[in-house]
Structures are given as C-alpha cells and as structure tokens.
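> You'll find input.txt just under this line, and it carries compact mmCIF, C-alpha atoms and all ligand atoms.
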```
# COMPACT_ATOMS: atom_id res chain seq x y z
CA MET A 1 80.23 -199.71 -24.53
CA LYS A 2 76.55 -199.62 -25.30
CA VAL A 3 74.23 -199.77 -28.28
CA ALA A 4 71.84 -196.80 -28.39
CA LYS A 5 68.18 -196.90 -29.30
CA ASP A 6 68.65 -195.02 -32.56
CA GLN A 7 71.18 -197.67 -33.58
CA ILE A 8 68.62 -200.39 -32.80
CA VAL A 9 66.06 -198.64 -34.99
CA ALA A 10 68.67 -198.33 -37.73
CA MET A 11 69.42 -202.07 -37.40
CA ILE A 12 65.78 -202.95 -37.92
CA LYS A 13 65.60 -200.74 -41.01
CA GLU A 14 68.78 -202.34 -42.29
CA MET A 15 67.26 -205.81 -41.83
CA ALA A 16 64.25 -204.78 -43.90
CA ALA A 17 66.49 -203.35 -46.62
CA SER A 18 68.68 -206.44 -46.68
CA VAL A 19 65.69 -208.80 -46.88
CA ALA A 20 64.19 -206.73 -49.70
CA GLU A 21 67.49 -206.74 -51.56
CA ASN A 22 67.85 -210.52 -51.17
CA LYS A 23 64.19 -211.39 -51.76
CA LYS A 24 64.90 -213.13 -55.05
CA TYR A 25 67.95 -214.96 -53.70
CA LEU A 26 66.05 -216.32 -50.67
CA THR A 27 63.17 -217.40 -52.86
CA GLU A 28 65.57 -219.18 -55.23
CA LEU A 29 67.13 -221.08 -52.34
CA ASP A 30 63.64 -222.03 -51.12
CA SER A 31 62.61 -223.13 -54.62
CA ALA A 32 65.40 -225.71 -54.60
CA ILE A 33 64.34 -227.42 -51.36
CA GLY A 34 61.02 -225.92 -50.34
CA ASP A 35 57.98 -224.13 -51.68
CA GLY A 36 59.82 -221.12 -53.10
CA ASP A 37 58.34 -218.45 -50.88
CA HIS A 38 60.94 -217.63 -48.23
CA GLY A 39 62.04 -214.35 -49.86
CA ILE A 40 58.46 -213.31 -50.49
CA ASN A 41 57.45 -214.26 -46.93
CA MET A 42 60.33 -212.39 -45.32
CA ASP A 43 59.81 -209.32 -47.47
CA ARG A 44 56.09 -209.15 -46.59
CA GLY A 45 57.02 -209.49 -42.95
CA PHE A 46 59.65 -206.77 -42.93
CA ARG A 47 57.47 -204.40 -44.94
CA LYS A 48 54.94 -204.71 -42.12
CA VAL A 49 57.75 -204.12 -39.63
CA LEU A 50 58.72 -200.87 -41.39
CA GLU A 51 55.10 -199.77 -41.63
CA ARG A 52 54.61 -200.13 -37.88
CA LEU A 53 58.05 -198.91 -36.78
CA PRO A 54 57.32 -195.15 -36.64
CA ALA A 55 54.58 -195.70 -34.07
CA VAL A 56 56.99 -197.33 -31.58
CA GLU A 57 60.36 -195.73 -32.40
CA ASP A 58 60.24 -193.55 -29.30
CA LYS A 59 59.31 -196.33 -26.90
CA ASP A 60 61.78 -198.53 -24.99
CA VAL A 61 63.89 -201.02 -26.93
CA GLY A 62 61.78 -203.90 -25.62
CA SER A 63 58.61 -202.46 -27.13
CA ILE A 64 60.39 -201.83 -30.42
CA PHE A 65 61.50 -205.47 -30.69
CA LYS A 66 58.11 -206.81 -29.56
CA ASN A 67 56.57 -204.82 -32.37
CA VAL A 68 59.00 -206.37 -34.85
CA GLY A 69 58.01 -209.81 -33.55
CA MET A 70 54.28 -209.15 -33.76
CA SER A 71 54.60 -207.68 -37.26
CA LEU A 72 56.45 -210.78 -38.49
CA ILE A 73 53.96 -213.12 -36.81
CA SER A 74 51.06 -211.37 -38.51
CA ALA A 75 52.51 -210.85 -41.99
CA VAL A 76 55.02 -213.57 -42.95
CA GLY A 77 52.62 -216.46 -43.58
CA GLY A 78 55.19 -219.31 -43.56
CA ALA A 79 57.25 -221.07 -40.90
CA ALA A 80 59.58 -218.08 -40.70
CA GLY A 81 56.68 -216.04 -39.24
CA PRO A 82 56.16 -217.84 -35.93
CA LEU A 83 59.91 -218.59 -35.72
CA TYR A 84 61.41 -215.13 -36.30
CA GLY A 85 58.34 -213.64 -34.60
CA THR A 86 59.24 -215.58 -31.47
CA TYR A 87 62.92 -214.62 -31.90
CA PHE A 88 62.19 -210.90 -31.76
CA MET A 89 59.49 -211.23 -29.08
CA GLU A 90 62.19 -212.85 -26.92
CA PHE A 91 64.58 -209.98 -27.76
CA GLY A 92 61.80 -207.68 -26.58
CA LYS A 93 61.41 -209.47 -23.24
CA VAL A 94 65.13 -209.10 -22.45
CA ALA A 95 65.16 -205.48 -23.59
CA ALA A 96 61.94 -204.50 -21.79
CA GLY A 97 62.18 -201.01 -20.29
CA LYS A 98 65.68 -200.38 -21.67
CA GLU A 99 66.78 -197.30 -23.60
CA GLU A 100 70.17 -198.75 -24.59
CA LEU A 101 71.73 -202.20 -24.63
CA THR A 102 74.93 -203.50 -23.06
CA ASN A 103 76.91 -206.45 -24.35
CA GLY A 104 75.32 -208.49 -21.59
CA ASP A 105 71.83 -207.53 -22.81
CA LEU A 106 72.71 -208.42 -26.40
CA GLU A 107 74.19 -211.75 -25.35
CA LYS A 108 71.02 -212.57 -23.41
CA MET A 109 68.83 -211.51 -26.31
CA LEU A 110 70.58 -213.75 -28.81
CA ALA A 111 70.37 -216.69 -26.40
CA ALA A 112 66.71 -216.08 -25.50
CA GLY A 113 65.74 -215.61 -29.15
CA LEU A 114 67.46 -218.84 -30.14
CA ASN A 115 65.79 -220.75 -27.30
CA GLY A 116 62.42 -219.34 -28.36
CA ILE A 117 62.93 -220.63 -31.91
CA LYS A 118 64.04 -224.03 -30.65
CA ARG A 119 61.01 -224.27 -28.38
CA ARG A 120 58.64 -223.25 -31.18
CA GLY A 121 60.12 -225.34 -34.01
CA LYS A 122 61.73 -228.18 -32.02
CA ALA A 123 64.81 -228.09 -34.25
CA VAL A 124 68.36 -228.69 -33.04
CA VAL A 125 71.68 -228.01 -34.76
CA GLY A 126 72.28 -230.31 -37.73
CA GLU A 127 68.70 -230.44 -39.04
CA LYS A 128 69.24 -227.87 -41.81
CA THR A 129 67.34 -224.90 -40.41
CA MET A 130 67.92 -221.35 -39.20
CA VAL A 131 69.07 -222.87 -35.89
CA ASP A 132 72.27 -223.95 -37.67
CA ALA A 133 73.17 -220.27 -38.14
CA LEU A 134 71.63 -218.76 -34.98
CA GLU A 135 73.07 -221.15 -32.42
CA PRO A 136 76.76 -220.79 -33.35
CA ALA A 137 76.16 -217.03 -33.66
CA ALA A 138 74.78 -216.77 -30.13
CA GLU A 139 77.68 -218.87 -28.83
CA ALA A 140 80.29 -216.82 -30.65
CA PHE A 141 78.77 -213.59 -29.34
CA ALA A 142 78.86 -214.93 -25.79
CA ALA A 143 82.47 -216.08 -26.14
CA ALA A 144 83.55 -212.67 -27.44
CA ALA A 145 81.56 -210.85 -24.75
CA ALA A 146 83.28 -212.97 -22.08
CA LYS A 147 86.60 -211.53 -23.31
CA ASP A 148 85.25 -207.99 -22.84
CA LYS A 149 85.15 -207.31 -26.57
CA THR A 150 83.15 -204.33 -27.88
CA PRO A 151 79.61 -204.90 -29.26
CA LEU A 152 81.11 -204.39 -32.71
CA ALA A 153 83.69 -207.15 -32.18
CA CYS A 154 81.06 -209.43 -30.63
CA PHE A 155 78.77 -209.00 -33.64
CA GLN A 156 81.70 -209.59 -35.99
CA ALA A 157 82.29 -212.93 -34.27
CA ALA A 158 78.56 -213.75 -34.33
CA VAL A 159 78.17 -213.00 -38.04
CA ALA A 160 81.28 -215.00 -38.94
CA ALA A 161 79.84 -217.95 -37.00
CA ALA A 162 76.41 -217.55 -38.63
CA LYS A 163 78.04 -217.55 -42.07
CA LYS A 164 79.93 -220.76 -41.26
CA GLY A 165 76.76 -222.29 -39.84
CA LYS A 166 74.81 -221.33 -42.93
CA GLU A 167 77.41 -222.88 -45.23
CA ALA A 168 77.42 -226.02 -43.10
CA THR A 169 73.73 -226.56 -43.97
CA ILE A 170 74.66 -227.37 -47.60
CA PRO A 171 75.65 -231.04 -47.06
CA MET A 172 72.95 -231.59 -44.42
CA LEU A 173 69.88 -233.78 -44.77
CA ALA A 174 66.82 -231.72 -43.79
CA LYS A 175 64.93 -232.95 -40.75
CA LYS A 176 62.50 -230.07 -40.28
CA GLY A 177 60.27 -227.88 -42.42
CA ARG A 178 59.29 -228.33 -46.06
CA ALA A 179 62.76 -229.53 -47.08
CA HIS A 180 62.25 -232.54 -44.80
CA TYR A 181 59.76 -233.91 -47.34
CA LEU A 182 62.53 -234.03 -49.93
CA GLY A 183 64.67 -236.47 -47.96
CA GLU A 184 68.05 -237.13 -49.65
CA ARG A 185 67.19 -234.60 -52.33
CA SER A 186 67.65 -231.81 -49.76
CA ILE A 187 71.40 -232.57 -49.59
CA GLY A 188 73.64 -230.16 -51.50
CA HIS A 189 71.49 -227.06 -51.06
CA GLN A 190 71.88 -224.17 -48.63
CA ASP A 191 69.00 -223.67 -46.20
CA PRO A 192 67.02 -220.49 -46.93
CA GLY A 193 66.23 -219.84 -43.25
CA ALA A 194 69.88 -220.13 -42.20
CA THR A 195 70.64 -217.68 -45.01
CA SER A 196 68.10 -215.10 -43.82
CA SER A 197 69.39 -215.52 -40.26
CA GLU A 198 72.86 -214.48 -41.39
CA LEU A 199 71.34 -211.48 -43.21
CA ILE A 200 69.53 -210.39 -40.04
CA LEU A 201 72.66 -210.58 -37.87
CA ALA A 202 74.81 -208.98 -40.58
CA SER A 203 72.36 -206.06 -40.67
CA MET A 204 72.93 -205.45 -36.97
CA LEU A 205 76.68 -205.58 -37.52
CA LYS A 206 76.51 -203.19 -40.46
CA VAL A 207 75.00 -200.44 -38.33
CA LEU A 208 77.73 -200.81 -35.69
CA GLU A 209 80.38 -200.63 -38.40
CA GLY A 210 78.89 -197.26 -39.32
CA MET B 1 36.45 -227.97 -34.74
CA VAL B 2 38.76 -225.76 -36.79
CA ILE B 3 40.44 -227.00 -39.97
CA VAL B 4 43.69 -225.15 -40.67
CA SER B 5 45.32 -225.53 -44.07
CA HIS B 6 47.85 -223.57 -46.13
CA SER B 7 45.08 -223.17 -48.68
CA LEU B 8 41.65 -221.77 -47.91
CA LYS B 9 40.24 -223.88 -50.73
CA ALA B 10 41.66 -227.04 -49.17
CA ALA B 11 40.35 -226.11 -45.72
CA GLU B 12 36.89 -225.36 -47.10
CA GLY B 13 36.85 -228.55 -49.14
CA ILE B 14 37.82 -230.66 -46.14
CA LYS B 15 35.17 -228.90 -44.11
CA GLU B 16 32.57 -229.70 -46.78
CA ILE B 17 33.49 -233.38 -46.82
CA ALA B 18 33.56 -233.72 -43.03
CA GLN B 19 30.39 -231.73 -42.45
CA GLN B 20 28.42 -234.37 -44.40
CA MET B 21 29.03 -236.73 -41.48
CA GLY B 22 27.27 -234.43 -39.01
CA SER B 23 25.62 -231.18 -39.95
CA ASP B 24 25.24 -230.01 -36.34
CA VAL B 25 28.93 -230.08 -35.46
CA PRO B 26 30.32 -226.52 -35.52
CA LEU B 27 33.13 -226.53 -38.09
CA ALA B 28 35.30 -223.65 -39.26
CA ALA B 29 37.76 -223.61 -42.15
CA VAL B 30 40.74 -221.26 -42.19
CA GLY B 31 43.62 -221.12 -44.61
CA GLY B 32 46.00 -218.95 -46.59
CA THR B 33 47.31 -215.56 -45.52
CA ALA B 34 45.38 -212.32 -45.03
CA ASP B 35 46.63 -211.16 -48.45
CA GLY B 36 45.54 -214.36 -50.20
CA ARG B 37 48.86 -216.21 -50.47
CA ILE B 38 49.39 -219.88 -49.59
CA GLY B 39 50.34 -220.01 -45.93
CA THR B 40 48.90 -219.65 -42.45
CA ASP B 41 48.11 -216.69 -40.21
CA PRO B 42 47.81 -217.03 -36.42
CA LEU B 43 45.41 -214.10 -36.11
CA MET B 44 43.02 -215.64 -38.64
CA ILE B 45 43.27 -218.98 -36.82
CA LYS B 46 42.53 -217.29 -33.50
CA LYS B 47 39.44 -215.66 -34.96
CA ALA B 48 38.22 -218.99 -36.35
CA ILE B 49 38.67 -220.66 -32.94
CA GLU B 50 36.68 -217.90 -31.26
CA GLY B 51 33.96 -218.34 -33.87
CA VAL B 52 33.28 -221.97 -32.95
CA MET B 53 34.23 -221.82 -29.27
CA GLY B 54 31.64 -223.45 -27.01
CA PRO B 55 31.40 -225.26 -23.66
CA ASP B 56 32.68 -228.52 -25.20
CA GLY B 57 35.94 -226.98 -26.41
CA VAL B 58 37.59 -226.90 -29.81
CA LEU B 59 39.70 -229.44 -31.72
CA LEU B 60 42.29 -228.07 -34.17
CA LEU B 61 43.20 -230.09 -37.26
CA VAL B 62 46.24 -228.83 -39.16
CA ASP B 63 48.16 -229.65 -42.33
CA LEU B 64 51.92 -228.92 -42.40
CA GLY B 65 54.78 -226.96 -40.86
CA SER B 66 53.71 -223.42 -40.11
CA ALA B 67 50.08 -224.51 -39.68
CA VAL B 68 51.19 -226.32 -36.53
CA MET B 69 53.30 -223.45 -35.19
CA ASN B 70 50.73 -220.78 -36.05
CA ALA B 71 47.92 -222.84 -34.51
CA GLN B 72 49.98 -223.05 -31.31
CA LEU B 73 50.58 -219.30 -31.41
CA ALA B 74 46.87 -218.69 -31.94
CA VAL B 75 46.06 -220.77 -28.87
CA GLU B 76 48.64 -218.84 -26.81
CA MET B 77 46.94 -215.60 -27.85
CA LEU B 78 43.59 -216.73 -26.43
CA GLY B 79 42.56 -215.88 -22.87
CA ASP B 80 43.60 -218.35 -20.15
CA GLU B 81 40.14 -219.91 -19.87
CA ASP B 82 39.71 -220.44 -23.60
CA GLN B 83 43.24 -221.84 -23.90
CA GLU B 84 42.39 -224.84 -21.76
CA GLN B 85 39.42 -225.59 -23.99
CA VAL B 86 41.44 -225.92 -27.21
CA VAL B 87 43.45 -228.96 -28.23
CA LEU B 88 45.72 -229.40 -31.21
CA SER B 89 45.56 -232.79 -32.86
CA ASN B 90 48.23 -234.81 -34.64
CA ALA B 91 45.57 -236.39 -36.89
CA PRO B 92 45.72 -236.47 -40.69
CA ILE B 93 43.70 -233.41 -41.65
CA LEU B 94 41.07 -234.93 -43.95
CA GLU B 95 40.54 -238.40 -42.45
CA GLY B 96 40.88 -236.91 -38.98
CA ALA B 97 38.20 -234.31 -39.67
CA VAL B 98 35.77 -236.97 -40.93
CA VAL B 99 36.30 -239.19 -37.88
CA ALA B 100 36.17 -236.25 -35.50
CA VAL B 101 32.82 -235.06 -36.82
CA VAL B 102 31.39 -238.58 -36.43
CA GLU B 103 32.71 -238.88 -32.86
CA SER B 104 31.62 -235.40 -31.96
CA ALA B 105 28.10 -235.98 -33.35
CA MET B 106 27.93 -239.05 -31.08
CA GLY B 107 28.41 -236.72 -28.15
CA HIS B 108 31.90 -237.84 -27.11
CA ASP B 109 34.11 -235.44 -25.21
CA LEU B 110 37.04 -233.51 -26.68
CA GLU B 111 39.78 -235.89 -25.46
CA ARG B 112 37.99 -238.90 -26.96
CA VAL B 113 37.29 -237.10 -30.25
CA LYS B 114 40.95 -236.13 -30.46
CA ARG B 115 42.12 -239.69 -29.84
CA ALA B 116 39.75 -241.12 -32.43
CA ALA B 117 40.85 -238.56 -35.03
CA GLU B 118 44.51 -239.40 -34.42
CA GLU B 119 43.79 -243.11 -34.83
CA ALA B 120 42.57 -242.33 -38.34
CA SER B 121 46.23 -242.35 -39.43
CA HIS B 122 46.25 -246.14 -38.93
CA MET B 123 43.06 -246.75 -40.87
CA GLU B 124 43.39 -249.04 -43.90
CA LYS B 125 42.29 -247.30 -47.07
CA LEU B 126 42.84 -250.12 -49.54
CA LEU B 127 40.39 -252.95 -49.02
N1 LIG A 301 60.66 -226.47 -37.26
C1 LIG A 301 61.56 -225.57 -37.66
N2 LIG A 301 62.51 -225.12 -36.82
C2 LIG A 301 63.42 -224.19 -37.22
N3 LIG A 301 63.44 -223.66 -38.45
C3 LIG A 301 62.53 -224.09 -39.32
C4 LIG A 301 61.54 -225.05 -39.00
N4 LIG A 301 60.74 -225.24 -40.09
C5 LIG A 301 61.23 -224.42 -41.04
N5 LIG A 301 62.29 -223.73 -40.60
C6 LIG A 301 63.08 -222.73 -41.30
O1 LIG A 301 62.19 -221.96 -42.09
C7 LIG A 301 62.72 -221.82 -43.41
C8 LIG A 301 61.58 -221.74 -44.41
O2 LIG A 301 60.81 -220.60 -44.16
P1 LIG A 301 59.56 -220.23 -45.05
O3 LIG A 301 59.16 -218.86 -44.68
O4 LIG A 301 59.86 -220.51 -46.47
O5 LIG A 301 58.48 -221.21 -44.49
P2 LIG A 301 57.80 -222.47 -45.20
O6 LIG A 301 58.64 -223.65 -44.94
O7 LIG A 301 57.46 -222.16 -46.60
O8 LIG A 301 56.50 -222.54 -44.30
P3 LIG A 301 55.32 -223.57 -44.33
O9 LIG A 301 55.52 -224.42 -43.11
O10 LIG A 301 54.13 -222.69 -44.22
O11 LIG A 301 55.39 -224.34 -45.60
C9 LIG A 301 63.60 -223.04 -43.59
O12 LIG A 301 64.63 -222.77 -44.51
C10 LIG A 301 64.13 -223.32 -42.20
O13 LIG A 301 65.35 -222.63 -41.95
MG MG A 302 58.94 -221.71 -47.92
```
Take the structure I supplied and represent it as structure tokens, if you would.

Amino acid sequence: MKVAKDQIVAMIKEMAASVAENKKYLTELDSAIGDGDHGINMDRGFRKVLERLPAVEDKDVGSIFKNVGMSLISAVGGAAGPLYGTYFMEFGKVAAGKEELTNGDLEKMLAAGLNGIKRRGKAVVGEKTMVDALEPAAEAFAAAAAKDKTPLACFQAAVAAAKKGKEATIPMLAKKGRAHYLGERSIGHQDPGATSSELILASMLKVLEG
Amino acid sequence: MVIVSHSLKAAEGIKEIAQQMGSDVPLAAVGGTADGRIGTDPLMIKKAIEGVMGPDGVLLLVDLGSAVMNAQLAVEMLGDEDQEQVVLSNAPILEGAVVAVVESAMGHDLERVKRAAEEASHMEKLL
C-alpha cells in the first residue's frame, strides 16, 4: 500500500493547521524552560510553508518536502528552524523523483530525517529534545513496517512512540538548547520540541485515518 | 569577521566595541530574524559573510543555540570555494571579537586569529 502525493500535500497542510492550533500551547511549554517562542517560531515557519506550497504541489514528493525544509530554515528563527529544516530536507532527499511513497520510503525518510537532526544538533536520546520523540517514532515505524503493516498502522505505532517519548522528557534534565541553561530547573517540564514533533507525526497519521 | 547574535542590537554593539581595536578590519554584524524578532536567520548570515568575504577568509563569532546551527547552515549554502575560507569559532562572542580584531589587525592568519579568540574564554577579568 502506498501514500499518494495528494495525501502528502494534505499532511503538510495538516501540520501547519496543527501548529497554528497549538501555537499558544507550544509557547507556554517553551516559556517554562526556554525563551517562550517555540509556538511563534513554528507558526511563522509553517505559514511560510503554506505560502510556498502551491508553487511546488505538482512537483515530485522530494521537491515538495525540500520546499518545506527550506521554508522552515528561512522563517522559523530559532533552533527548530535548522533542525526541522534539516528533517524535511532529508525527507526530500529520500523522496526525490517519487510520485508516491511506499512503507519502505517512509521508513527511510523518518530515519534520514532523525539522523539529520542528530547531526545538526548533536543531541542523543535522553537530553530532553525533539530527538526523544523522533527517535522512538522512527524505530516504531520500522518495527511495524518489518511486520508488513499498512502505512496507517506504521504511523499509528510511530505516533504512539512519539507520545511516549514526549512524555518521557518531563523528568529529564535538559542537556541541549535553551533549557540546558536552566540546569535542575528544567526537570518536571515537557520539552516543547518533543511536543511539536509529536504534532507533526500525528498530522501525517490524521490524513491516513481519513 | 561576522558577529552573529540573536539580537541585532547586541551584534551591532559588539561590533562597535571590537571595531575600536582596529578600524581597518572588515566587520559585519547580523542578528534577529528577517521580521525583526529575536533569533537567527541563515540567509541573513550568508549575506553578511559574502559582504566581508576576502582573500584572508572570514571568522564567525556566534552567541547561543540556533546561532551556531544557522551559521553552519549559512556556510553550507556558500559555494565550495568560499566554504573553505570560513571558520566558525567557539570563542565568547564579545571578548572573542575584541581579541580577534587585535590579532587580525596584526596581520595574523585566520587559524591563528581563531585560536586567539577562543583563548579569550580563559582570560581573567577580575584583577
Ligand atoms: N541541539 C539540539 N538538538 C535537538 N533539538 C534541539 C536542540 N536545541 C534545541 N532543540 C529543540 O528545540 C526546541 C526549542 O525550539 P525553539 O524554536 O524554541 O528554539 P530556541 O531554543 O528558542 O532557539 P534559540 O537557539 O535561537 O534560542 C527545544 O524544545 C528542543 O526540543
Ligand atoms: Mg525557544
């Protein structure tokens, strides 16, 4: 079973809608352990994504995702810009020239995107960042794909893992990003980036659920 | 040299302070986002690098978090030849900029200027 291009476009629109809807929530989380701009940053970024989407909608899936990455890089302004920008640029490399995506493609994209973020931000699991949601999600997707599950079932597994990973950031001591400056004070708060990561993956799932 | 801060005011202020140590050293200040928020923007950083690019190369001094990642992205967006001419420094942004201007005005090469700027983090402030 495959994911068609119009579903990919719908997923990107859903991400933008979800980020806009949760702008205040993300900013509140970032106010507790950061500089209080994550929701604002992400919303600026995804507004730019929407603005530029019509110009590339008809191109291959790779070009569509590269455009998402470039839009986020140019408009976010905070750490989430280069990080999610790299994430979607890596999606774009895997999806280059493709008009639809197989489970194998999606699995590779999630792994490549995660590796791009880890290369860019040097974070590993346990440091209270988006990696804590994205890494278990990529692993859960791969495990489900290995059992020949449908893309829908694979994304369900990935989102469940991202949600668990996000919740696991609450007791963590931040080792990267602004929250790192807070030391012990960062304990007891959910990481804003891990939260937006779950929103992004949940948006992809939502489109497959129809 | 390019000074990259989350705030344009901070970058310009640091530039002002450092420039006093050598008025001939090409210095650029870049900070904030294109729409005037606190943050950093790789495209603005890239433009600033191109503005001061010369045969001796460019040293980048950065403040926190995304300034580092966006400076790296900006360098990756440059052409291959320019890329080799740009180095990112781990120096404290203000003290590093002051030391780097002094070293650069003395005619030292990029590697040596970078090293000297990074050593500024061990400098004793309290006498
Ligand atoms: N080095 C990193 N690696 C992975 N994720 C990171 C890193 N630094 C920050 N993050 C993630 O980014 C989120 C914050 O994003 P936001 O857009 O608010 O950037 P910021 O921290 O305000 O940026 P800046 O560095 O400009 O201050 C954090 O919650 C964390 O998940
Ligand atoms: Mg922030």
> Could you list, as a ChimeraX atom specification, every residue of chain A that has an atom within 12 Å of an atom of chain B, counting all atoms listed in the file?
/A:34-38,40-41,44-45,70-86,117-122,175-181
> Quick one: pull the distance between CA of Ile45 in chain B and CA of Lys59 in chain A, Å, one decimal.
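Value for the CA of Ile45 in chain B-CA of Lys59 in chain A distance: 29.5 Å.
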> Measuring atom to atom with all atoms listed in the file, identify which of A:Lys98, A:Lys13, A:Lys149, A:His189 is nearest to ligand LIG 301 (chain A).
A:His189
> Mind checking which residues fall within 8 Å of Gly97 in chain A, counting only C-alpha atoms, ignoring those fewer than 4 positions away in the same chain, and posting them as an MDAnalysis selection string?
chainID A and resid 60:63
> Between CA of Gly183 in chain A and atom O11 of ligand LIG 301 (chain A), measure the distance and give it in Å to one decimal.
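Pair CA of Gly183 in chain A / atom O11 of ligand LIG 301 (chain A) returns 15.5 Å.
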> Tell me, as a PyMOL selection string, which residues lie within 12 Å of range 156-165 of chain A, counting all atoms listed in the file; anything in the same chain fewer than 4 positions away does not count.
chain A and resi 106-107+110-111+125-145+147+149-152+169-172+190-191+193-209
> Measuring between only C-alpha atoms, which one of A:Phe65, A:Leu101, A:Lys166, A:Ala123 shows the shortest distance to Val3 in chain A?
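With only C-alpha atoms as the atom set, the closest residue is A:Leu101.
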> Figure out the distance between atom C4 of ligand LIG 301 (chain A) and CA of Ala96 in chain A, please, to one decimal in Å.
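These two atoms are separated by 26.8 Å.
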> When you count only C-alpha atoms and all ligand atoms, which of these residues is closest to ligand LIG 301 (chain A): A:Met89, A:Cys154, A:Leu26, A:Val9?
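Of the candidates, the smallest distance to ligand LIG 301 (chain A) is held by A:Leu26.
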> Between A:Met42, A:Ile64, A:Leu182, A:Ala153, single out the one closest to ligand MG 302 (chain A), counting only C-alpha atoms and all ligand atoms.
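Among the listed residues, the smallest separation from ligand MG 302 (chain A) belongs to A:Met42.
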> Could you tell me which of A:Phe91, A:Ala20, A:Ser31, A:Asp58 comes closest to Asp43 in chain A if we count all atoms listed in the file?
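Between A:Phe91, A:Ala20, A:Ser31, A:Asp58, the residue approaching Asp43 in chain A most closely is A:Ala20.
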> Which polymer residues have any atom within 6 Å of an atom of range 88-93 of chain B, counting only C-alpha atoms, with same-chain residues fewer than 3 positions away left out, as a VMD selection string?
chain B and resid 60 to 63 96 to 97 117 to 118
> Using all atoms listed in the file, which protein or nucleic acid residues come within 10 Å of range 47-59 of chain B? Drop anything in the same chain fewer than 5 positions from it, and give the result as a ChimeraX atom specification.
/B:1-4,25-30,42,71,74-75,78,82-89,97,100,104,107-111,113-114,117
> Emit as lines of an AutoDock Vina configuration file the padded axis-aligned box for all listed atoms of ligand LIG 301 (chain A), 8 Å per side, with centre and edge lengths in Å to one decimal.

```
center_x = 59.7
center_y = -222.7
center_z = -41.7
size_x = 27.2
size_y = 23.6
size_z = 25.8
```
> Measuring atom to atom with all atoms listed in the file, identify which of A:Val68, A:Pro192, A:Asp6, A:Met11 is nearest to ligand MG 302 (chain A).
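Among the listed residues, A:Pro192 lies closest to ligand MG 302 (chain A).
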